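K.L.:
Okay, handing you the structure first.
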Amino acid sequence: MFHVISIRDFSRDDIERVLERAREMEEVYETGDDRLEGKILCTLFFAPSTRTRLSFESAMLRLGGDVISMVGKEAASTAKGENLADTVRTVQHYCDVIVLRHPKEGAARLAAEYSSVPVINAGDGANQHPTQTLLDLYTIVKEKGRIEGLRVGVLGDLKYARTVHSLVQALAEFGARIYLISPPELRIPEHVRVDIEGKAEVTETEDVTEVLPELDVLYVTRIQREMFPDPEEFEKVKGSYKITRRMIEEYADDDLVILHPLPRVDEIEPDVDELPQARYFDQVRNGVVVRMALLDLILNG
Ligand code: NCD
């Protein structure tokens, strides 16, 4: 394993290997160890983040490694006109692995072409977020014991949410049944749909209550406001879907697992958080063990 750019670069076996290592990391998460001592992780974030950057940094520190960080394009020489290729050709000399978030699709792939150290894509525009998918899959297996045959609903901004683009590709590969739930304006891009329809049973709907009783997992996403090229387009769909406590109590199975990559804006009402089905804050913890596993596999083999 070298660069981590798209979930499509991973075979099912590769993913199983990460999940297996993540299970071993549950204990290390508590005790810490020094297996990455002497290694340096650089987080290079040109777009906002709370969880992804901090969980990678926490993962590295828990394994005894060190972290250097460059956050915000205003802080970097990008503000002086440096291009990404030159930034990466510089930063590679300071660290053993680069975690990159960038507002442009394809940025991680480009960075990987210029880097002599592994590049991990922490989100490139509306394209891909492969490490989020690994932690989503880990969470699903932890909660449900399997992925194959599960009925997984993906709700919200299927057009711009990169977490969804990565996740549905992996779910299809693992034999889940996929329900795409969104307003018509926020449908999944055609190329992603065609790709997953070849591998999995896919149902599309606008009404979450229609499919809620059937679901094993409901994955909710916020509307990706910053990705909209036109603010009017955002105004039209703003607030167009919302998971309420009543909805879950009335339609959902007791064993439903509700996930969300976070941040949550207004698409899940706060009083849903107390329901047993709400697992999105447990999902956050899983993000650390999965990233510990990934760093260990990349830097130690
Ligand atoms: C997601 C992202 O950045 O794509 N956040 C995350 O990494 N947990 C989801 C989002 O921003 O909506």
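Scheme for the structure tokens: letters A, B, ... for chains in order shown; per-chain residue numbers from 1; ligand numbers from 1 in order shown.
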Residues of chain A within 9 Å of ligand 1: nearest atom pair and distance (Å, one decimal) for each, counting only C-alpha atoms and all ligand atoms, sorted by chain and number, as CSV?
P.N.:
residue,atom,partner,partner_atom_place_in_ligand_line,distance
A:Ala47,CA,ligand 1,3 (O),8.7
A:Pro48,CA,ligand 1,3 (O),7.6
A:Ser49,CA,ligand 1,3 (O),6.4
A:Thr50,CA,ligand 1,8 (N),7.6
A:Arg51,CA,ligand 1,8 (N),5.6
A:Thr52,CA,ligand 1,7 (O),5.1
A:Arg53,CA,ligand 1,7 (O),8.4
A:Arg101,CA,ligand 1,3 (O),8.6
A:Ala122,CA,ligand 1,7 (O),7.3
A:Gly123,CA,ligand 1,4 (O),6.0
A:Asp124,CA,ligand 1,4 (O),8.5
A:Gly125,CA,ligand 1,4 (O),8.2
A:Ala126,CA,ligand 1,4 (O),7.8
A:Gln128,CA,ligand 1,4 (O),8.1
A:His129,CA,ligand 1,4 (O),6.4
A:Thr131,CA,ligand 1,7 (O),8.6
A:Gln132,CA,ligand 1,7 (O),6.3
A:Asp157,CA,ligand 1,12 (O),8.9
A:Ala161,CA,ligand 1,4 (O),6.2
A:Arg162,CA,ligand 1,4 (O),5.5
A:Thr163,CA,ligand 1,4 (O),5.4
A:Val164,CA,ligand 1,4 (O),8.6
A:Thr221,CA,ligand 1,12 (O),6.0
A:Arg222,CA,ligand 1,12 (O),5.3
A:Ile223,CA,ligand 1,12 (O),7.1
A:Gln224,CA,ligand 1,12 (O),6.1
A:His260,CA,ligand 1,9 (C),8.0
A:Pro261,CA,ligand 1,8 (N),4.4
A:Leu262,CA,ligand 1,8 (N),4.9
A:Pro263,CA,ligand 1,12 (O),5.6
A:Arg264,CA,ligand 1,12 (O),7.4
A:Val265,CA,ligand 1,12 (O),8.9
A:Val284,CA,ligand 1,8 (N),8.2
A:Gly287,CA,ligand 1,8 (N),8.9
K.L.:
Please produce, as a Markdown table, a per-residue contact table for segment 89-176 of chain A versus segment 191-199 of chain A (criterion: any atom at most 8 Å away, only C-alpha atoms considered), showing the nearest atom pair and its distance in Å to one decimal, sorted by chain then residue number.
P.N.:
| residue | atom | partner | partner_atom | distance |
| --- | --- | --- | --- | --- |
| A:His165 | CA | A:Val192 | CA | 6.8 |
| A:Val168 | CA | A:Ile196 | CA | 7.1 |
| A:Gln169 | CA | A:Ile196 | CA | 6.0 |
| A:Ala172 | CA | A:Lys199 | CA | 5.7 |
| A:Glu173 | CA | A:Lys199 | CA | 6.7 |
| A:Gly175 | CA | A:Lys199 | CA | 7.5 |
K.L.:
Write out, as a PDB file, in the first residue's frame, the residues just selected, with N, CA, C and O atoms.
P.N.:
ATOM      1  N   HIS A 165     -19.772   9.617  -2.328  1.00  0.00           N
ATOM      2  CA  HIS A 165     -19.203   9.051  -3.564  1.00  0.00           C
ATOM      3  C   HIS A 165     -18.256   7.898  -3.246  1.00  0.00           C
ATOM      4  O   HIS A 165     -18.263   6.865  -3.914  1.00  0.00           O
ATOM      5  N   VAL A 168     -20.567   4.737  -1.341  1.00  0.00           N
ATOM      6  CA  VAL A 168     -21.443   3.843  -2.116  1.00  0.00           C
ATOM      7  C   VAL A 168     -20.635   2.910  -3.021  1.00  0.00           C
ATOM      8  O   VAL A 168     -21.048   1.775  -3.272  1.00  0.00           O
ATOM      9  N   GLN A 169     -19.473   3.379  -3.469  1.00  0.00           N
ATOM     10  CA  GLN A 169     -18.639   2.505  -4.292  1.00  0.00           C
ATOM     11  C   GLN A 169     -18.167   1.294  -3.476  1.00  0.00           C
ATOM     12  O   GLN A 169     -18.190   0.162  -3.962  1.00  0.00           O
ATOM     13  N   ALA A 172     -21.172  -1.089  -2.650  1.00  0.00           N
ATOM     14  CA  ALA A 172     -21.529  -1.907  -3.819  1.00  0.00           C
ATOM     15  C   ALA A 172     -20.560  -3.082  -3.937  1.00  0.00           C
ATOM     16  O   ALA A 172     -20.961  -4.220  -4.187  1.00  0.00           O
ATOM     17  N   GLU A 173     -19.304  -2.807  -3.729  1.00  0.00           N
ATOM     18  CA  GLU A 173     -18.260  -3.828  -3.802  1.00  0.00           C
ATOM     19  C   GLU A 173     -18.507  -4.932  -2.769  1.00  0.00           C
ATOM     20  O   GLU A 173     -18.261  -6.103  -3.015  1.00  0.00           O
ATOM     21  N   GLY A 175     -21.428  -5.799  -1.567  1.00  0.00           N
ATOM     22  CA  GLY A 175     -22.712  -6.481  -1.707  1.00  0.00           C
ATOM     23  C   GLY A 175     -23.841  -5.962  -0.825  1.00  0.00           C
ATOM     24  O   GLY A 175     -24.760  -6.703  -0.482  1.00  0.00           O
TER      25      GLY A 175
END
K.L.:
Would you please work out which residue, of A:Arg291, A:Arg245, A:Arg8, A:Lys104, is nearest to Leu167 of chain A when using only C-alpha atoms?
P.N.:
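When distances to Leu167 of chain A are compared using only C-alpha atoms, the smallest one comes from A:Arg8.
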K.L.:
Report, in Å to a single decimal, how far apart atom CA of Ile258 of chain A and atom CA of Phe56 of chain A are.
P.N.:
23.5 Å
K.L.:
Can you list, as a list of chain:residue names, every protein, DNA or RNA residue that comes within 12 Å of Ser116 of chain A when you count only C-alpha atoms, leaving out same-chain residues fewer than 2 positions away?
P.N.:
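My list of contacting residues is A:Phe2, A:His3, A:Ala85, A:Val88, A:Arg89, A:Thr90, A:Val91, A:Gln92, A:His93, A:Tyr94, A:Cys95, A:Asp96, A:Val97, A:Ile98, A:Ala111, A:Ala112, A:Glu113, A:Tyr114, A:Pro118, A:Val119.
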K.L.:
From a DSSP calculation on the backbone, collect every residue of segment 13-149 of chain A in alpha helix (DSSP H) and output the set as number ranges by chain.
P.N.:
A: 13-31, 51-62, 84-91, 107-114, 130-144
K.L.:
Can I get the selected residues back with C-alpha atoms, as a PDB file, in the first residue's frame?
P.N.:
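What landed in out.pdb:
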ATOM      1  CA  ASP A  13      -9.015  -7.604   0.471  1.00  0.00           C
ATOM      2  CA  ASP A  14      -7.185  -4.314   1.030  1.00  0.00           C
ATOM      3  CA  ILE A  15     -10.205  -2.932   2.870  1.00  0.00           C
ATOM      4  CA  GLU A  16     -10.556  -6.099   4.979  1.00  0.00           C
ATOM      5  CA  ARG A  17      -6.882  -5.764   5.930  1.00  0.00           C
ATOM      6  CA  VAL A  18      -7.404  -2.179   7.168  1.00  0.00           C
ATOM      7  CA  LEU A  19     -10.496  -3.180   9.155  1.00  0.00           C
ATOM      8  CA  GLU A  20      -8.651  -6.116  10.695  1.00  0.00           C
ATOM      9  CA  ARG A  21      -5.731  -3.890  11.743  1.00  0.00           C
ATOM     10  CA  ALA A  22      -8.219  -1.328  13.113  1.00  0.00           C
ATOM     11  CA  ARG A  23      -9.693  -4.012  15.381  1.00  0.00           C
ATOM     12  CA  GLU A  24      -6.187  -4.631  16.739  1.00  0.00           C
ATOM     13  CA  MET A  25      -5.836  -0.887  17.325  1.00  0.00           C
ATOM     14  CA  GLU A  26      -8.809  -0.736  19.705  1.00  0.00           C
ATOM     15  CA  GLU A  27      -6.499  -1.736  22.547  1.00  0.00           C
ATOM     16  CA  VAL A  28      -3.589   0.429  21.401  1.00  0.00           C
ATOM     17  CA  TYR A  29      -5.998   3.389  21.351  1.00  0.00           C
ATOM     18  CA  GLU A  30      -6.281   3.001  25.136  1.00  0.00           C
ATOM     19  CA  THR A  31      -2.661   2.236  25.988  1.00  0.00           C
ATOM     20  CA  ARG A  51     -12.371  15.640  12.615  1.00  0.00           C
ATOM     21  CA  THR A  52     -10.254  14.477   9.727  1.00  0.00           C
ATOM     22  CA  ARG A  53      -7.162  16.508  10.584  1.00  0.00           C
ATOM     23  CA  LEU A  54      -7.337  16.111  14.350  1.00  0.00           C
ATOM     24  CA  SER A  55      -8.082  12.388  14.187  1.00  0.00           C
ATOM     25  CA  PHE A  56      -5.081  11.781  11.911  1.00  0.00           C
ATOM     26  CA  GLU A  57      -2.905  13.797  14.282  1.00  0.00           C
ATOM     27  CA  SER A  58      -4.308  11.985  17.318  1.00  0.00           C
ATOM     28  CA  ALA A  59      -3.744   8.614  15.587  1.00  0.00           C
ATOM     29  CA  MET A  60      -0.112   9.465  14.817  1.00  0.00           C
ATOM     30  CA  LEU A  61       0.579  10.659  18.368  1.00  0.00           C
ATOM     31  CA  ARG A  62      -1.023   7.567  19.901  1.00  0.00           C
ATOM     32  CA  LEU A  84       0.615  22.470  -5.233  1.00  0.00           C
ATOM     33  CA  ALA A  85       3.307  20.461  -7.028  1.00  0.00           C
ATOM     34  CA  ASP A  86       6.065  22.707  -5.643  1.00  0.00           C
ATOM     35  CA  THR A  87       4.553  22.667  -2.150  1.00  0.00           C
ATOM     36  CA  VAL A  88       4.506  18.863  -2.181  1.00  0.00           C
ATOM     37  CA  ARG A  89       8.051  18.628  -3.583  1.00  0.00           C
ATOM     38  CA  THR A  90       9.102  20.715  -0.583  1.00  0.00           C
ATOM     39  CA  VAL A  91       7.038  19.112   2.165  1.00  0.00           C
ATOM     40  CA  ALA A 107      -5.576  17.561  -6.134  1.00  0.00           C
ATOM     41  CA  ALA A 108      -4.567  14.453  -4.183  1.00  0.00           C
ATOM     42  CA  ARG A 109      -3.831  12.494  -7.353  1.00  0.00           C
ATOM     43  CA  LEU A 110      -1.658  15.354  -8.591  1.00  0.00           C
ATOM     44  CA  ALA A 111       0.155  15.628  -5.251  1.00  0.00           C
ATOM     45  CA  ALA A 112       0.876  11.881  -5.337  1.00  0.00           C
ATOM     46  CA  GLU A 113       2.543  12.259  -8.738  1.00  0.00           C
ATOM     47  CA  TYR A 114       5.077  14.680  -7.267  1.00  0.00           C
ATOM     48  CA  PRO A 130     -11.501   7.382   1.125  1.00  0.00           C
ATOM     49  CA  THR A 131     -10.442   7.375   4.797  1.00  0.00           C
ATOM     50  CA  GLN A 132     -13.917   8.498   5.853  1.00  0.00           C
ATOM     51  CA  THR A 133     -15.269   5.503   3.952  1.00  0.00           C
ATOM     52  CA  LEU A 134     -12.892   3.147   5.762  1.00  0.00           C
ATOM     53  CA  LEU A 135     -14.149   4.401   9.105  1.00  0.00           C
ATOM     54  CA  ASP A 136     -17.761   4.244   7.914  1.00  0.00           C
ATOM     55  CA  LEU A 137     -17.290   0.619   6.872  1.00  0.00           C
ATOM     56  CA  TYR A 138     -15.533  -0.165  10.143  1.00  0.00           C
ATOM     57  CA  THR A 139     -18.460   1.356  12.048  1.00  0.00           C
ATOM     58  CA  ILE A 140     -21.027  -0.603  10.031  1.00  0.00           C
ATOM     59  CA  VAL A 141     -19.217  -3.908  10.607  1.00  0.00           C
ATOM     60  CA  LYS A 142     -18.790  -3.116  14.303  1.00  0.00           C
ATOM     61  CA  GLU A 143     -22.492  -2.346  14.672  1.00  0.00           C
ATOM     62  CA  LYS A 144     -23.972  -4.926  12.317  1.00  0.00           C
TER      63      LYS A 144
END
K.L.:
Give me, please, the distance in Å between atom CA of Leu275 of chain A and atom CA of Leu215 of chain A, quoted to one decimal.
P.N.:
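Between these atoms lies a distance of 16.1 Å.
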K.L.:
Of the candidates A:Glu249, A:Ile298, A:Val208, A:Ile243, which one gets nearest to Pro276 of chain A if we count only C-alpha atoms?
P.N.:
A:Glu249
K.L.:
Applying 9 Å and only C-alpha atoms, which residues near Ser69 of chain A remain after dropping the ones on its own chain fewer than 6 positions away? List them as a list in words.
P.N.:
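So the residues in contact are Leu41, Cys42, Thr43, Leu44, Phe45 and Glu57 of chain A.
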K.L.:
A:Leu259, A:Ile178, A:Ala200, A:Val217: which is nearest Phe281 of chain A, counting only C-alpha atoms?
P.N.:
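When distances to Phe281 of chain A are compared using only C-alpha atoms, the smallest one comes from A:Leu259.
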K.L.:
Rank A:Glu201, A:Gly81, A:Ile40, A:Lys238 by their smallest atom-to-atom distance to Gly149 of chain A, using only C-alpha atoms, and report the top residue only.
P.N.:
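Closest residue, counting only C-alpha atoms: A:Glu201.
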K.L.:
So how many Å separate atom CA of Ser11 of chain A and atom CA of Asp33 of chain A, to one decimal?
P.N.:
28.9 Å
K.L.:
Between A:Asn300, A:Ser182, A:Asn127, A:Gln283, which is the closest to Met227 of chain A once you count only C-alpha atoms?
P.N.:
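Answer, going by the shortest atom-to-atom distance: A:Asn127.
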K.L.:
What are the DSSP strand (DSSP E or B) residues of segment 150-251 of chain A, as number ranges by chain?
P.N.:
A: 151-155, 177-181, 202-205, 217-220, 243
K.L.:
Taking N, CA and C atoms for each residue, export the selection above as an mmCIF file, in the first residue's frame.
P.N.:
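For reference, result22.cif as written:
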data_model
loop_
_atom_site.group_PDB
_atom_site.id
_atom_site.type_symbol
_atom_site.label_atom_id
_atom_site.label_comp_id
_atom_site.auth_asym_id
_atom_site.auth_seq_id
_atom_site.Cartn_x
_atom_site.Cartn_y
_atom_site.Cartn_z
ATOM 1 N N ARG A 151 -29.191 -3.375 4.118
ATOM 2 C CA ARG A 151 -29.917 -2.341 3.373
ATOM 3 C C ARG A 151 -29.491 -0.978 3.921
ATOM 4 N N VAL A 152 -28.711 -0.271 3.105
ATOM 5 C CA VAL A 152 -28.103 0.982 3.567
ATOM 6 C C VAL A 152 -28.690 2.167 2.791
ATOM 7 N N GLY A 153 -29.321 3.081 3.525
ATOM 8 C CA GLY A 153 -29.854 4.298 2.914
ATOM 9 C C GLY A 153 -28.839 5.422 3.051
ATOM 10 N N VAL A 154 -28.643 6.159 1.961
ATOM 11 C CA VAL A 154 -27.730 7.299 1.986
ATOM 12 C C VAL A 154 -28.569 8.529 1.666
ATOM 13 N N LEU A 155 -28.673 9.417 2.638
ATOM 14 C CA LEU A 155 -29.621 10.528 2.526
ATOM 15 C C LEU A 155 -28.924 11.876 2.421
ATOM 16 N N ARG A 177 -27.213 -3.554 -0.232
ATOM 17 C CA ARG A 177 -28.269 -3.012 -1.070
ATOM 18 C C ARG A 177 -28.369 -1.506 -0.763
ATOM 19 N N ILE A 178 -28.356 -0.680 -1.792
ATOM 20 C CA ILE A 178 -28.186 0.761 -1.568
ATOM 21 C C ILE A 178 -29.468 1.535 -1.923
ATOM 22 N N TYR A 179 -29.872 2.402 -0.985
ATOM 23 C CA TYR A 179 -31.018 3.288 -1.216
ATOM 24 C C TYR A 179 -30.494 4.715 -1.303
ATOM 25 N N LEU A 180 -30.674 5.338 -2.449
ATOM 26 C CA LEU A 180 -30.215 6.716 -2.641
ATOM 27 C C LEU A 180 -31.396 7.645 -2.386
ATOM 28 N N ILE A 181 -31.309 8.467 -1.338
ATOM 29 C CA ILE A 181 -32.454 9.282 -0.925
ATOM 30 C C ILE A 181 -32.058 10.751 -0.968
ATOM 31 N N VAL A 202 -29.858 -1.088 -6.471
ATOM 32 C CA VAL A 202 -29.937 0.325 -6.098
ATOM 33 C C VAL A 202 -31.374 0.818 -6.248
ATOM 34 N N THR A 203 -31.883 1.502 -5.211
ATOM 35 C CA THR A 203 -33.218 2.094 -5.253
ATOM 36 C C THR A 203 -33.060 3.599 -5.071
ATOM 37 N N GLU A 204 -33.772 4.395 -5.884
ATOM 38 C CA GLU A 204 -33.718 5.848 -5.704
ATOM 39 C C GLU A 204 -35.073 6.367 -5.250
ATOM 40 N N THR A 205 -35.068 7.288 -4.274
ATOM 41 C CA THR A 205 -36.311 7.889 -3.829
ATOM 42 C C THR A 205 -36.057 9.293 -3.274
ATOM 43 N N VAL A 217 -29.183 0.567 7.999
ATOM 44 C CA VAL A 217 -28.296 1.702 8.269
ATOM 45 C C VAL A 217 -28.823 2.914 7.511
ATOM 46 N N LEU A 218 -28.822 4.079 8.168
ATOM 47 C CA LEU A 218 -29.157 5.329 7.483
ATOM 48 C C LEU A 218 -27.968 6.270 7.619
ATOM 49 N N TYR A 219 -27.375 6.637 6.485
ATOM 50 C CA TYR A 219 -26.194 7.514 6.473
ATOM 51 C C TYR A 219 -26.650 8.890 5.994
ATOM 52 N N VAL A 220 -26.577 9.870 6.892
ATOM 53 C CA VAL A 220 -27.102 11.207 6.592
ATOM 54 C C VAL A 220 -25.946 12.150 6.274
ATOM 55 N N ILE A 243 -34.095 14.776 9.526
ATOM 56 C CA ILE A 243 -34.459 13.609 10.317
ATOM 57 C C ILE A 243 -34.925 14.091 11.690
#
